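So this block is structure-v1.pdb, PDB, C-alpha atoms and all ligand atoms:
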```
ATOM      1  CA  MET A   1     190.715  43.515  82.834
ATOM      2  CA  SER A   2     189.090  46.922  82.464
ATOM      3  CA  ARG A   3     186.972  47.176  79.357
ATOM      4  CA  TYR A   4     185.189  50.502  79.207
ATOM      5  CA  ARG A   5     182.985  49.591  76.308
ATOM      6  CA  ARG A   6     180.996  47.175  78.541
ATOM      7  CA  LEU A   7     179.062  50.075  80.026
ATOM      8  CA  ARG A   8     178.538  51.749  76.663
ATOM      9  CA  ARG A   9     176.814  48.867  74.913
ATOM     10  CA  HIS A  10     173.328  50.294  74.744
ATOM     11  CA  GLU A  11     171.435  53.424  75.651
ATOM     12  CA  THR A  12     169.787  52.112  78.840
ATOM     13  CA  LEU A  13     173.174  51.147  80.198
ATOM     14  CA  ARG A  14     174.686  54.450  79.170
ATOM     15  CA  GLN A  15     171.843  56.295  80.864
ATOM     16  CA  LEU A  16     172.382  54.313  84.043
ATOM     17  CA  VAL A  17     176.008  55.389  84.417
ATOM     18  CA  ARG A  18     175.609  58.944  83.070
ATOM     19  CA  GLU A  19     177.319  61.440  85.366
ATOM     20  CA  THR A  20     175.685  64.666  84.254
ATOM     21  CA  ARG A  21     172.121  65.433  83.316
ATOM     22  CA  VAL A  22     170.558  68.636  82.123
ATOM     23  CA  SER A  23     167.175  68.880  83.763
ATOM     24  CA  PRO A  24     164.316  71.288  83.045
ATOM     25  CA  ALA A  25     164.748  72.917  86.458
ATOM     26  CA  ASP A  26     168.260  74.096  85.479
ATOM     27  CA  LEU A  27     167.160  76.200  82.537
ATOM     28  CA  ILE A  28     166.379  79.897  82.232
ATOM     29  CA  GLN A  29     165.148  81.438  78.967
ATOM     30  CA  PRO A  30     165.952  85.060  78.029
ATOM     31  CA  PHE A  31     163.093  87.234  76.748
ATOM     32  CA  PHE A  32     163.198  90.634  75.000
ATOM     33  CA  VAL A  33     160.423  93.157  75.624
ATOM     34  CA  ILE A  34     159.484  96.156  73.469
ATOM     35  CA  GLU A  35     156.887  98.907  73.757
ATOM     36  CA  GLY A  36     153.601  98.719  71.895
ATOM     37  CA  LYS A  37     150.844  96.198  71.302
ATOM     38  CA  GLU A  38     150.508  92.987  69.321
ATOM     39  CA  LYS A  39     154.144  93.091  68.263
ATOM     40  CA  ARG A  40     156.431  90.183  67.590
ATOM     41  CA  GLU A  41     159.642  91.112  65.780
ATOM     42  CA  ALA A  42     162.118  88.545  64.534
ATOM     43  CA  ILE A  43     165.724  89.155  65.571
ATOM     44  CA  VAL A  44     167.784  88.729  62.419
ATOM     45  CA  SER A  45     171.001  87.858  64.256
ATOM     46  CA  MET A  46     169.231  85.213  66.392
ATOM     47  CA  PRO A  47     166.828  83.146  64.272
ATOM     48  CA  GLY A  48     164.018  81.727  66.417
ATOM     49  CA  ILE A  49     164.253  84.495  69.050
ATOM     50  CA  TYR A  50     161.827  87.437  69.058
ATOM     51  CA  ARG A  51     161.195  90.849  70.575
ATOM     52  CA  TYR A  52     157.688  90.923  72.040
ATOM     53  CA  SER A  53     155.384  93.669  73.191
ATOM     54  CA  ALA A  54     154.100  92.882  76.697
ATOM     55  CA  ASP A  55     150.782  91.375  75.533
ATOM     56  CA  LYS A  56     152.495  88.995  73.093
ATOM     57  CA  LEU A  57     155.164  88.274  75.677
ATOM     58  CA  LEU A  58     152.495  86.770  77.923
ATOM     59  CA  ARG A  59     151.622  84.305  75.183
ATOM     60  CA  ALA A  60     155.287  83.444  74.680
ATOM     61  CA  ILE A  61     155.685  82.821  78.406
ATOM     62  CA  GLU A  62     152.563  80.700  78.415
ATOM     63  CA  GLN A  63     154.044  78.469  75.710
ATOM     64  CA  TYR A  64     157.317  78.248  77.592
ATOM     65  CA  ARG A  65     155.455  77.376  80.793
ATOM     66  CA  ASN A  66     153.486  74.695  79.011
ATOM     67  CA  LEU A  67     156.785  73.003  78.214
ATOM     68  CA  GLY A  68     157.775  73.160  81.893
ATOM     69  CA  GLY A  69     159.628  76.497  81.887
ATOM     70  CA  LYS A  70     159.846  77.964  85.380
ATOM     71  CA  ALA A  71     162.070  81.013  85.003
ATOM     72  CA  GLY A  72     163.032  83.714  82.541
ATOM     73  CA  ILE A  73     165.475  86.602  82.396
ATOM     74  CA  PHE A  74     164.026  89.764  80.881
ATOM     75  CA  PHE A  75     165.589  92.562  78.847
ATOM     76  CA  GLY A  76     163.791  95.795  78.028
ATOM     77  CA  ILE A  77     164.220  97.740  74.807
ATOM     78  CA  PRO A  78     162.901 101.246  75.472
ATOM     79  CA  GLY A  79     161.138 103.483  72.977
ATOM     80  CA  ARG A  80     163.278 106.421  74.047
ATOM     81  CA  LYS A  81     166.951 106.660  75.027
ATOM     82  CA  ASP A  82     168.985 109.498  76.552
ATOM     83  CA  ALA A  83     172.554 109.997  77.770
ATOM     84  CA  GLN A  84     171.525 109.177  81.361
ATOM     85  CA  GLY A  85     169.498 106.081  80.508
ATOM     86  CA  SER A  86     166.650 107.534  82.535
ATOM     87  CA  SER A  87     163.949 105.326  80.995
ATOM     88  CA  ALA A  88     165.709 102.420  82.732
ATOM     89  CA  HIS A  89     164.248 103.405  86.108
ATOM     90  CA  SER A  90     160.925 104.857  85.042
ATOM     91  CA  ASP A  91     157.917 103.338  86.856
ATOM     92  CA  ASN A  92     156.274 103.270  83.490
ATOM     93  CA  GLY A  93     159.322 101.861  81.696
ATOM     94  CA  VAL A  94     159.072  99.010  79.215
ATOM     95  CA  ILE A  95     160.444  96.400  81.610
ATOM     96  CA  GLN A  96     158.578  97.663  84.696
ATOM     97  CA  LYS A  97     155.237  97.485  82.876
ATOM     98  CA  ALA A  98     156.021  94.030  81.503
ATOM     99  CA  VAL A  99     157.119  92.641  84.878
ATOM    100  CA  LYS A 100     153.930  93.867  86.562
ATOM    101  CA  LEU A 101     151.837  92.174  83.882
ATOM    102  CA  ILE A 102     153.797  88.916  84.012
ATOM    103  CA  LYS A 103     153.602  88.651  87.792
ATOM    104  CA  LYS A 104     149.891  89.453  87.724
ATOM    105  CA  THR A 105     149.224  86.781  85.104
ATOM    106  CA  PHE A 106     151.694  84.104  86.255
ATOM    107  CA  PRO A 107     152.491  84.778  89.931
ATOM    108  CA  ASP A 108     154.609  81.632  90.269
ATOM    109  CA  PHE A 109     156.724  82.282  87.160
ATOM    110  CA  LEU A 110     160.196  83.368  88.275
ATOM    111  CA  VAL A 111     161.154  86.734  86.832
ATOM    112  CA  ILE A 112     164.815  87.735  86.724
ATOM    113  CA  THR A 113     165.540  91.215  85.407
ATOM    114  CA  ASP A 114     168.798  92.349  83.845
ATOM    115  CA  VAL A 115     169.956  95.629  85.385
ATOM    116  CA  CYS A 116     172.128  97.652  83.018
ATOM    117  CA  LEU A 117     172.064 100.980  81.237
ATOM    118  CA  CYS A 118     173.401 100.049  77.796
ATOM    119  CA  GLU A 119     169.958  99.380  76.280
ATOM    120  CA  TYR A 120     168.750 102.747  77.607
ATOM    121  CA  THR A 121     171.628 105.125  76.811
ATOM    122  CA  THR A 122     172.107 106.892  73.493
ATOM    123  CA  HIS A 123     175.867 106.202  73.681
ATOM    124  CA  GLY A 124     175.310 102.484  74.386
ATOM    125  CA  HIS A 125     177.664 102.239  77.359
ATOM    126  CA  CYS A 126     176.665 100.476  80.571
ATOM    127  CA  GLY A 127     177.209 103.545  82.754
ATOM    128  CA  LEU A 128     177.045 107.329  82.745
ATOM    129  CA  LEU A 129     179.811 109.259  81.038
ATOM    130  CA  THR A 130     182.104 111.942  82.328
ATOM    131  CA  GLY A 131     184.225 113.424  79.572
ATOM    132  CA  GLY A 132     183.991 110.362  77.348
ATOM    133  CA  ASP A 133     184.780 107.886  80.140
ATOM    134  CA  VAL A 134     182.364 105.559  81.880
ATOM    135  CA  ASP A 135     182.108 107.052  85.373
ATOM    136  CA  ASN A 136     181.867 104.235  87.912
ATOM    137  CA  ASP A 137     180.709 106.095  91.011
ATOM    138  CA  LYS A 138     178.286 108.375  89.212
ATOM    139  CA  THR A 139     176.637 105.249  87.771
ATOM    140  CA  LEU A 140     176.115 103.448  91.105
ATOM    141  CA  PRO A 141     173.076 105.388  92.394
ATOM    142  CA  VAL A 142     171.406 105.077  88.975
ATOM    143  CA  LEU A 143     171.860 101.304  88.960
ATOM    144  CA  ALA A 144     170.425 101.189  92.485
ATOM    145  CA  ARG A 145     167.387 103.131  91.280
ATOM    146  CA  VAL A 146     166.924 100.793  88.329
ATOM    147  CA  ALA A 147     167.138  97.757  90.616
ATOM    148  CA  LEU A 148     164.627  99.262  93.041
ATOM    149  CA  SER A 149     162.169 100.009  90.222
ATOM    150  CA  HIS A 150     162.427  96.369  89.093
ATOM    151  CA  ALA A 151     161.797  95.111  92.623
ATOM    152  CA  GLN A 152     158.823  97.451  92.978
ATOM    153  CA  ALA A 153     157.413  96.097  89.718
ATOM    154  CA  GLY A 154     157.624  92.587  91.183
ATOM    155  CA  ALA A 155     160.904  91.087  89.924
ATOM    156  CA  ASP A 156     161.939  87.986  91.877
ATOM    157  CA  ILE A 157     165.686  88.269  91.275
ATOM    158  CA  ILE A 158     167.746  91.313  90.301
ATOM    159  CA  ALA A 159     170.664  90.638  87.940
ATOM    160  CA  PRO A 160     173.123  93.507  87.443
ATOM    161  CA  SER A 161     175.271  93.081  84.325
ATOM    162  CA  ASP A 162     177.014  96.453  84.050
ATOM    163  CA  MET A 163     180.349  95.467  85.678
ATOM    164  CA  MET A 164     180.802  98.701  87.647
ATOM    165  CA  ASP A 165     182.811  98.228  90.848
ATOM    166  CA  LEU A 166     180.776  98.252  94.101
ATOM    167  CA  ARG A 167     177.420  97.999  92.330
ATOM    168  CA  ILE A 168     176.262  95.038  94.385
ATOM    169  CA  LYS A 169     176.735  97.001  97.607
ATOM    170  CA  SER A 170     174.931  99.986  96.197
ATOM    171  CA  ILE A 171     171.993  97.882  94.929
ATOM    172  CA  ARG A 172     171.802  95.751  98.100
ATOM    173  CA  THR A 173     171.702  98.863 100.299
ATOM    174  CA  GLU A 174     168.975 100.487  98.225
ATOM    175  CA  LEU A 175     166.830  97.324  98.140
ATOM    176  CA  ASP A 176     167.207  96.790 101.909
ATOM    177  CA  ARG A 177     166.394 100.398 102.687
ATOM    178  CA  ASN A 178     163.140 100.132 100.758
ATOM    179  CA  GLY A 179     161.792  96.920 102.207
ATOM    180  CA  PHE A 180     163.230  94.495  99.632
ATOM    181  CA  ALA A 181     165.731  92.708 101.869
ATOM    182  CA  ASP A 182     164.294  89.392 100.646
ATOM    183  CA  ILE A 183     164.988  89.971  96.951
ATOM    184  CA  PRO A 184     168.125  88.064  95.876
ATOM    185  CA  ILE A 185     170.849  89.490  93.644
ATOM    186  CA  LEU A 186     172.308  87.424  90.824
ATOM    187  CA  SER A 187     175.589  89.115  90.022
ATOM    188  CA  TYR A 188     177.137  88.919  86.574
ATOM    189  CA  ALA A 189     180.392  88.646  88.535
ATOM    190  CA  ALA A 190     182.725  87.312  85.870
ATOM    191  CA  LYS A 191     181.474  88.991  82.744
ATOM    192  CA  TYR A 192     184.098  89.058  80.043
ATOM    193  CA  ALA A 193     184.558  91.631  77.271
ATOM    194  CA  SER A 194     183.486  89.037  74.725
ATOM    195  CA  ALA A 195     182.856  89.011  70.990
ATOM    196  CA  PHE A 196     180.057  86.510  71.633
ATOM    197  CA  TYR A 197     177.626  89.287  72.659
ATOM    198  CA  GLY A 198     177.469  90.515  69.052
ATOM    199  CA  PRO A 199     174.033  89.106  68.106
ATOM    200  CA  PHE A 200     172.507  90.411  71.381
ATOM    201  CA  ARG A 201     173.678  93.941  70.695
ATOM    202  CA  THR A 202     171.953  93.784  67.325
ATOM    203  CA  ALA A 203     168.844  92.424  69.068
ATOM    204  CA  VAL A 204     168.603  95.277  71.579
ATOM    205  CA  ASN A 205     170.455  97.946  69.618
ATOM    206  CA  SER A 206     172.988  98.507  72.407
ATOM    207  CA  ALA A 207     176.354  98.488  70.638
ATOM    208  CA  PRO A 208     178.567 101.217  72.127
ATOM    209  CA  GLN A 209     178.605 104.269  69.856
ATOM    210  CA  PHE A 210     182.319 104.783  70.541
ATOM    211  CA  GLY A 211     185.064 102.621  72.003
ATOM    212  CA  ASP A 212     184.321  99.240  73.571
ATOM    213  CA  ARG A 213     183.495  97.746  76.974
ATOM    214  CA  LYS A 214     187.016  96.669  77.852
ATOM    215  CA  SER A 215     187.447  99.274  80.600
ATOM    216  CA  TYR A 216     184.699  97.629  82.659
ATOM    217  CA  GLN A 217     184.141  94.069  81.436
ATOM    218  CA  MET A 218     186.862  91.535  82.236
ATOM    219  CA  ASP A 219     189.832  90.746  80.037
ATOM    220  CA  ILE A 220     189.114  87.455  78.267
ATOM    221  CA  ALA A 221     192.544  86.096  79.259
ATOM    222  CA  ASN A 222     192.042  86.326  83.041
ATOM    223  CA  ARG A 223     191.001  83.630  85.460
ATOM    224  CA  ARG A 224     192.341  84.513  88.909
ATOM    225  CA  GLU A 225     190.753  87.927  88.566
ATOM    226  CA  ALA A 226     187.370  86.211  88.199
ATOM    227  CA  ILE A 227     187.702  84.845  91.731
ATOM    228  CA  LYS A 228     188.436  88.346  93.055
ATOM    229  CA  GLU A 229     185.356  89.694  91.272
ATOM    230  CA  ALA A 230     183.165  86.914  92.624
ATOM    231  CA  LEU A 231     184.401  87.190  96.216
ATOM    232  CA  ALA A 232     183.955  90.956  96.169
ATOM    233  CA  ASP A 233     180.376  90.599  94.897
ATOM    234  CA  PHE A 234     179.632  87.873  97.416
ATOM    235  CA  ASP A 235     181.000  90.129 100.159
ATOM    236  CA  GLN A 236     178.796  92.983  99.015
ATOM    237  CA  GLY A 237     175.698  90.807  99.207
ATOM    238  CA  ALA A 238     175.333  88.821  95.984
ATOM    239  CA  ASP A 239     173.345  85.585  96.402
ATOM    240  CA  LEU A 240     174.088  83.906  93.091
ATOM    241  CA  ILE A 241     177.194  84.310  90.949
ATOM    242  CA  MET A 242     177.327  84.230  87.162
ATOM    243  CA  VAL A 243     179.969  83.389  84.588
ATOM    244  CA  LYS A 244     179.389  84.876  81.137
ATOM    245  CA  PRO A 245     179.846  83.749  78.381
ATOM    246  CA  ALA A 246     179.729  80.028  79.195
ATOM    247  CA  LEU A 247     181.178  77.846  76.454
ATOM    248  CA  ALA A 248     184.561  79.559  76.142
ATOM    249  CA  TYR A 249     184.798  79.924  79.948
ATOM    250  CA  LEU A 250     184.108  76.409  81.259
ATOM    251  CA  ASP A 251     187.348  76.579  83.250
ATOM    252  CA  VAL A 252     186.037  79.633  85.112
ATOM    253  CA  ILE A 253     182.763  77.829  85.861
ATOM    254  CA  ALA A 254     184.728  74.860  87.235
ATOM    255  CA  LEU A 255     186.907  77.162  89.318
ATOM    256  CA  PHE A 256     183.871  78.908  90.815
ATOM    257  CA  LYS A 257     182.203  75.603  91.567
ATOM    258  CA  ALA A 258     185.299  74.429  93.441
ATOM    259  CA  GLN A 259     185.865  77.626  95.380
ATOM    260  CA  LEU A 260     182.504  79.283  96.050
ATOM    261  CA  ASN A 261     179.638  78.068  98.183
ATOM    262  CA  VAL A 262     176.896  79.798  96.232
ATOM    263  CA  PRO A 263     174.806  78.715  93.270
ATOM    264  CA  ILE A 264     176.758  79.166  90.044
ATOM    265  CA  VAL A 265     174.867  80.443  87.018
ATOM    266  CA  ALA A 266     176.297  80.231  83.508
ATOM    267  CA  TYR A 267     175.026  82.460  80.708
ATOM    268  CA  SER A 268     175.330  80.804  77.335
ATOM    269  CA  VAL A 269     175.195  84.020  75.353
ATOM    270  CA  SER A 270     173.774  85.112  72.024
ATOM    271  CA  GLY A 271     176.893  84.287  69.992
ATOM    272  CA  GLU A 272     176.916  80.739  71.341
ATOM    273  CA  TYR A 273     173.305  80.336  70.231
ATOM    274  CA  SER A 274     173.704  81.982  66.835
ATOM    275  CA  MET A 275     176.793  79.970  65.919
ATOM    276  CA  VAL A 276     174.959  76.705  66.427
ATOM    277  CA  LYS A 277     171.820  78.052  64.777
ATOM    278  CA  ALA A 278     173.680  79.260  61.694
ATOM    279  CA  ALA A 279     175.582  76.004  61.312
ATOM    280  CA  ALA A 280     172.345  74.047  61.771
ATOM    281  CA  MET A 281     170.512  76.171  59.198
ATOM    282  CA  ALA A 282     173.274  75.348  56.736
ATOM    283  CA  SER A 283     172.902  71.650  57.669
ATOM    284  CA  TRP A 284     176.500  71.561  58.842
ATOM    285  CA  ILE A 285     175.641  70.356  62.319
ATOM    286  CA  SER A 286     172.833  68.559  64.126
ATOM    287  CA  GLU A 287     171.166  71.339  66.088
ATOM    288  CA  GLN A 288     169.679  69.276  68.880
ATOM    289  CA  ASP A 289     172.814  67.229  69.452
ATOM    290  CA  ALA A 290     175.104  70.262  69.379
ATOM    291  CA  ALA A 291     172.894  72.389  71.617
ATOM    292  CA  MET A 292     172.421  69.586  74.162
ATOM    293  CA  GLU A 293     176.147  68.814  74.092
ATOM    294  CA  ILE A 294     176.906  72.434  74.970
ATOM    295  CA  LEU A 295     174.300  72.524  77.768
ATOM    296  CA  THR A 296     175.632  69.239  79.155
ATOM    297  CA  ALA A 297     179.213  70.543  79.052
ATOM    298  CA  ILE A 298     178.210  73.686  80.955
ATOM    299  CA  LYS A 299     176.497  71.531  83.577
ATOM    300  CA  ARG A 300     179.476  69.145  83.719
ATOM    301  CA  ALA A 301     181.819  72.086  84.291
ATOM    302  CA  GLY A 302     179.827  72.897  87.433
ATOM    303  CA  ALA A 303     176.991  75.285  86.598
ATOM    304  CA  ASP A 304     173.891  74.867  88.755
ATOM    305  CA  LEU A 305     171.719  76.957  86.456
ATOM    306  CA  ILE A 306     172.041  77.824  82.782
ATOM    307  CA  ILE A 307     170.645  80.846  80.993
ATOM    308  CA  SER A 308     170.324  79.802  77.370
ATOM    309  CA  TYR A 309     168.457  80.873  74.240
ATOM    310  CA  TYR A 310     168.011  77.132  73.706
ATOM    311  CA  ALA A 311     166.176  76.706  77.037
ATOM    312  CA  GLN A 312     162.732  76.447  75.479
ATOM    313  CA  GLU A 313     163.810  74.037  72.749
ATOM    314  CA  ALA A 314     165.770  72.000  75.288
ATOM    315  CA  LEU A 315     162.602  71.621  77.366
ATOM    316  CA  ARG A 316     160.923  70.199  74.304
ATOM    317  CA  TRP A 317     163.830  67.869  73.578
ATOM    318  CA  LEU A 318     163.914  66.708  77.198
ATOM    319  CA  SER A 319     160.214  66.080  77.380
ATOM    320  CA  PRO A 320     159.447  62.335  77.740
ATOM    321  CA  ASN A 321     156.219  62.405  75.724
ATOM    322  CA  ARG A 322     157.235  64.211  72.576
TER
HETATM  323  C1  LIG A 401     173.910  94.185  79.117
HETATM  324  C2  LIG A 401     173.989  92.770  78.704
HETATM  325  C3  LIG A 401     174.628  92.194  77.605
HETATM  326  C4  LIG A 401     174.315  90.848  77.609
HETATM  327  C5  LIG A 401     173.526  90.630  78.729
HETATM  328  N1  LIG A 401     173.355  91.812  79.398
HETATM  329  C6  LIG A 401     175.407  92.800  76.495
HETATM  330  C7  LIG A 401     176.708  93.404  76.696
HETATM  331  O1  LIG A 401     177.278  93.468  77.778
HETATM  332  O2  LIG A 401     177.177  93.927  75.689
HETATM  333  C8  LIG A 401     174.736  89.854  76.580
HETATM  334  C9  LIG A 401     173.827  88.717  76.407
HETATM  335  C10 LIG A 401     174.039  87.904  75.195
HETATM  336  O3  LIG A 401     174.951  88.127  74.371
HETATM  337  O4  LIG A 401     173.267  86.957  75.031
HETATM  338  N2  LIG A 401     175.087  94.760  79.502
END
```
Represent the structure from my file as structure tokens, please.
Ligand code: PBG
Amino acid sequence: MSRYRRLRRHETLRQLVRETRVSPADLIQPFFVIEGKEKREAIVSMPGIYRYSADKLLRAIEQYRNLGGKAGIFFGIPGRKDAQGSSAHSDNGVIQKAVKLIKKTFPDFLVITDVCLCEYTTHGHCGLLTGGDVDNDKTLPVLARVALSHAQAGADIIAPSDMMDLRIKSIRTELDRNGFADIPILSYAAKYASAFYGPFRTAVNSAPQFGDRKSYQMDIANRREAIKEALADFDQGADLIMVKPALAYLDVIALFKAQLNVPIVAYSVSGEYSMVKAAAMASWISEQDAAMEILTAIKRAGADLIISYYAQEALRWLSPNR
């Protein structure tokens, strides 16, 4: 007779038959970079996460590397914004300077850069405006310029998150034309218009000044459309495909895993982190257990790689000699 409890009797046995494991190589930590020197600012909406000036960022990366961290995704918060988001593609921009420094100091550390305009525009939208609307085609060459400036600074992977149509083609063409045919693109292909980005927008001060992002990010209720987005991006030259957020979209991750032959990346976003953090700070939940359960679920759903604000802590929790 089948008795399932036989294989659950003790931890060694449970480990032996465990189907899914989160391993250090799966994890990518997000980092926020600001201008200036010797700065480390706490992000109120995301306890435990900081904005660093480039010099302090190096120390943060060093700590992360000491725990086994291999890769990070980087967001710049510029000192100056304008309607065109022009500081996003400046050679001397906050992210370009930081990437150069990181790659000089830690050449083998994998640097992924987020390509978007919302942190750099005064209006907070992810593209340029024409008469109050986000203008898709006017935005494309700007995104391509941003991506090129990141590649020139030394980024290893370019990750566009703006959700304009045809951006992958525009970025791929620009990178190829300038000798960066070998730089992969990680497309935020299925990026939903989610409430879970709230704490991030506080962190980088990028909340739209009017309206919302629903005319470019995906409707939270749609699944088949995610496949269309992913196939289109793949067609245009994307190398890795992302689902974002992760926890409320495990079905989309599973669908991508079943239907696409590319690495699937899941972004467990700021709201997913802050919910667990807040509950843990109130002692309503065990932080480590809850965070690891979420990471395991994302892996189980089919993600190959996970971007998570818990990456660094997870490395610590996973470490055998702690
Ligand atoms: C930029 C961008 C956002 C996130 C990643 N890149 C915010 C947004 O679209 O509003 C969200 C990340 C997070 O919540 O952790 N467009």
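Computed from the coordinates, the CA of Glu11 in chain A to CA of Asn321 in chain A distance equals 17.7 Å.
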Neighbours of ligand LIG 401 (chain A) within 9 Å, counting all atoms listed in the file, as an mmCIF file with C-alpha atoms, keeping the file's coordinate frame?
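The result, written out as result-v9.cif:
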```cif
data_model
loop_
_atom_site.group_PDB
_atom_site.id
_atom_site.type_symbol
_atom_site.label_atom_id
_atom_site.label_comp_id
_atom_site.auth_asym_id
_atom_site.auth_seq_id
_atom_site.Cartn_x
_atom_site.Cartn_y
_atom_site.Cartn_z
ATOM 1 C CA PRO A 30 165.952 85.060 78.029
ATOM 2 C CA PHE A 75 165.589 92.562 78.847
ATOM 3 C CA ASP A 114 168.798 92.349 83.845
ATOM 4 C CA VAL A 115 169.956 95.629 85.385
ATOM 5 C CA CYS A 116 172.128 97.652 83.018
ATOM 6 C CA LEU A 117 172.064 100.980 81.237
ATOM 7 C CA CYS A 118 173.401 100.049 77.796
ATOM 8 C CA GLU A 119 169.958 99.380 76.280
ATOM 9 C CA GLY A 124 175.310 102.484 74.386
ATOM 10 C CA HIS A 125 177.664 102.239 77.359
ATOM 11 C CA CYS A 126 176.665 100.476 80.571
ATOM 12 C CA PRO A 160 173.123 93.507 87.443
ATOM 13 C CA SER A 161 175.271 93.081 84.325
ATOM 14 C CA ASP A 162 177.014 96.453 84.050
ATOM 15 C CA MET A 163 180.349 95.467 85.678
ATOM 16 C CA TYR A 188 177.137 88.919 86.574
ATOM 17 C CA LYS A 191 181.474 88.991 82.744
ATOM 18 C CA TYR A 192 184.098 89.058 80.043
ATOM 19 C CA ALA A 193 184.558 91.631 77.271
ATOM 20 C CA SER A 194 183.486 89.037 74.725
ATOM 21 C CA ALA A 195 182.856 89.011 70.990
ATOM 22 C CA PHE A 196 180.057 86.510 71.633
ATOM 23 C CA TYR A 197 177.626 89.287 72.659
ATOM 24 C CA GLY A 198 177.469 90.515 69.052
ATOM 25 C CA PRO A 199 174.033 89.106 68.106
ATOM 26 C CA PHE A 200 172.507 90.411 71.381
ATOM 27 C CA ARG A 201 173.678 93.941 70.695
ATOM 28 C CA VAL A 204 168.603 95.277 71.579
ATOM 29 C CA SER A 206 172.988 98.507 72.407
ATOM 30 C CA ALA A 207 176.354 98.488 70.638
ATOM 31 C CA PRO A 208 178.567 101.217 72.127
ATOM 32 C CA ARG A 213 183.495 97.746 76.974
ATOM 33 C CA GLN A 217 184.141 94.069 81.436
ATOM 34 C CA LYS A 244 179.389 84.876 81.137
ATOM 35 C CA PRO A 245 179.846 83.749 78.381
ATOM 36 C CA TYR A 267 175.026 82.460 80.708
ATOM 37 C CA SER A 268 175.330 80.804 77.335
ATOM 38 C CA VAL A 269 175.195 84.020 75.353
ATOM 39 C CA SER A 270 173.774 85.112 72.024
ATOM 40 C CA GLY A 271 176.893 84.287 69.992
ATOM 41 C CA GLU A 272 176.916 80.739 71.341
ATOM 42 C CA TYR A 273 173.305 80.336 70.231
ATOM 43 C CA ILE A 307 170.645 80.846 80.993
ATOM 44 C CA SER A 308 170.324 79.802 77.370
ATOM 45 C CA TYR A 309 168.457 80.873 74.240
#
```
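If you apply the PyMOL selection byres (((chain A and resi 35) around 10) and not hetatm) to this structure, you end up with A:Val33, A:Ile34, A:Gly36, A:Lys37, A:Glu38, A:Lys39, A:Arg51, A:Tyr52, A:Ser53, A:Ala54, A:Asp55, A:Gly76, A:Ile77, A:Pro78, A:Gly79, A:Arg80, A:Gly93, A:Val94, A:Ile95, A:Lys97, A:Ala98.
Shortest atom-to-atom contact with Leu247 in chain A among A:Ala297, A:Leu16, A:Val22, A:Ala153: A:Ala297, counting all atoms listed in the file.
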Evaluate the PyMOL selection byres (((chain A and resi 317) around 12) and not hetatm) on the structure here and hand back the selected residues as a ChimeraX atom specification.
/A:22-24,67-68,287-289,291-292,310-316,318-322
Keeping C-alpha atoms, export the residues of the selection given above as a PDB file, in the coordinates of the input.
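Ended up saving to selection.pdb:
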```pdb
ATOM      1  CA  VAL A  22     170.558  68.636  82.123  1.00  0.00           C
ATOM      2  CA  SER A  23     167.175  68.880  83.763  1.00  0.00           C
ATOM      3  CA  PRO A  24     164.316  71.288  83.045  1.00  0.00           C
ATOM      4  CA  LEU A  67     156.785  73.003  78.214  1.00  0.00           C
ATOM      5  CA  GLY A  68     157.775  73.160  81.893  1.00  0.00           C
ATOM      6  CA  GLU A 287     171.166  71.339  66.088  1.00  0.00           C
ATOM      7  CA  GLN A 288     169.679  69.276  68.880  1.00  0.00           C
ATOM      8  CA  ASP A 289     172.814  67.229  69.452  1.00  0.00           C
ATOM      9  CA  ALA A 291     172.894  72.389  71.617  1.00  0.00           C
ATOM     10  CA  MET A 292     172.421  69.586  74.162  1.00  0.00           C
ATOM     11  CA  TYR A 310     168.011  77.132  73.706  1.00  0.00           C
ATOM     12  CA  ALA A 311     166.176  76.706  77.037  1.00  0.00           C
ATOM     13  CA  GLN A 312     162.732  76.447  75.479  1.00  0.00           C
ATOM     14  CA  GLU A 313     163.810  74.037  72.749  1.00  0.00           C
ATOM     15  CA  ALA A 314     165.770  72.000  75.288  1.00  0.00           C
ATOM     16  CA  LEU A 315     162.602  71.621  77.366  1.00  0.00           C
ATOM     17  CA  ARG A 316     160.923  70.199  74.304  1.00  0.00           C
ATOM     18  CA  LEU A 318     163.914  66.708  77.198  1.00  0.00           C
ATOM     19  CA  SER A 319     160.214  66.080  77.380  1.00  0.00           C
ATOM     20  CA  PRO A 320     159.447  62.335  77.740  1.00  0.00           C
ATOM     21  CA  ASN A 321     156.219  62.405  75.724  1.00  0.00           C
ATOM     22  CA  ARG A 322     157.235  64.211  72.576  1.00  0.00           C
TER      23      ARG A 322
END
```
Name every residue that the PyMOL selection byres (((chain A and resi 143-149) around 10) and not hetatm) selects in this structure, writing the answer as a PyMOL selection string with chains first and numbers rising.
chain A and resi 85-93+95-96+113-117+126-127+138-142+150-155+157-160+162+164+167-180+185
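The shell of residues at most 10 Å from Asp233 in chain A, with only C-alpha atoms counted and near chain neighbours (fewer than 5 positions) removed, consists of Asp165, Leu166, Arg167, Ile168, Lys169, Ile185, Leu186, Ser187, Tyr188, Ala189, Ala190, Ile227, Lys228, Ala238, Asp239, Leu240 and Ile241 of chain A.
Between CA of Met218 in chain A and CA of Asn205 in chain A there is a distance of 21.7 Å.
A straight line drawn from CA of Leu129 in chain A to CA of Asp82 in chain A is 11.7 Å long.
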Identify which of the residues A:Arg6, A:Thr202, A:Leu58, A:Thr105 lies closest to Ala42 in chain A, counting all atoms listed in the file when measuring atom-to-atom distances.
A:Thr202
Excluding same-chain residues fewer than 2 positions from Phe106 in chain A, what lies within 10 Å of it counting only C-alpha atoms, as a list in words?
Leu58, Ile61, Glu62, Arg65, Leu101, Ile102, Lys103, Lys104, Asp108, Phe109, Leu110 and Val111 of chain A
I want to know what sits within 12 Å of Leu250 in chain A, based on all atoms listed in the file, with residues of the same chain fewer than 5 positions away left out; could you give that as a PyMOL selection string?
chain A and resi 190+223+242-245+255-257+264-268+294-303
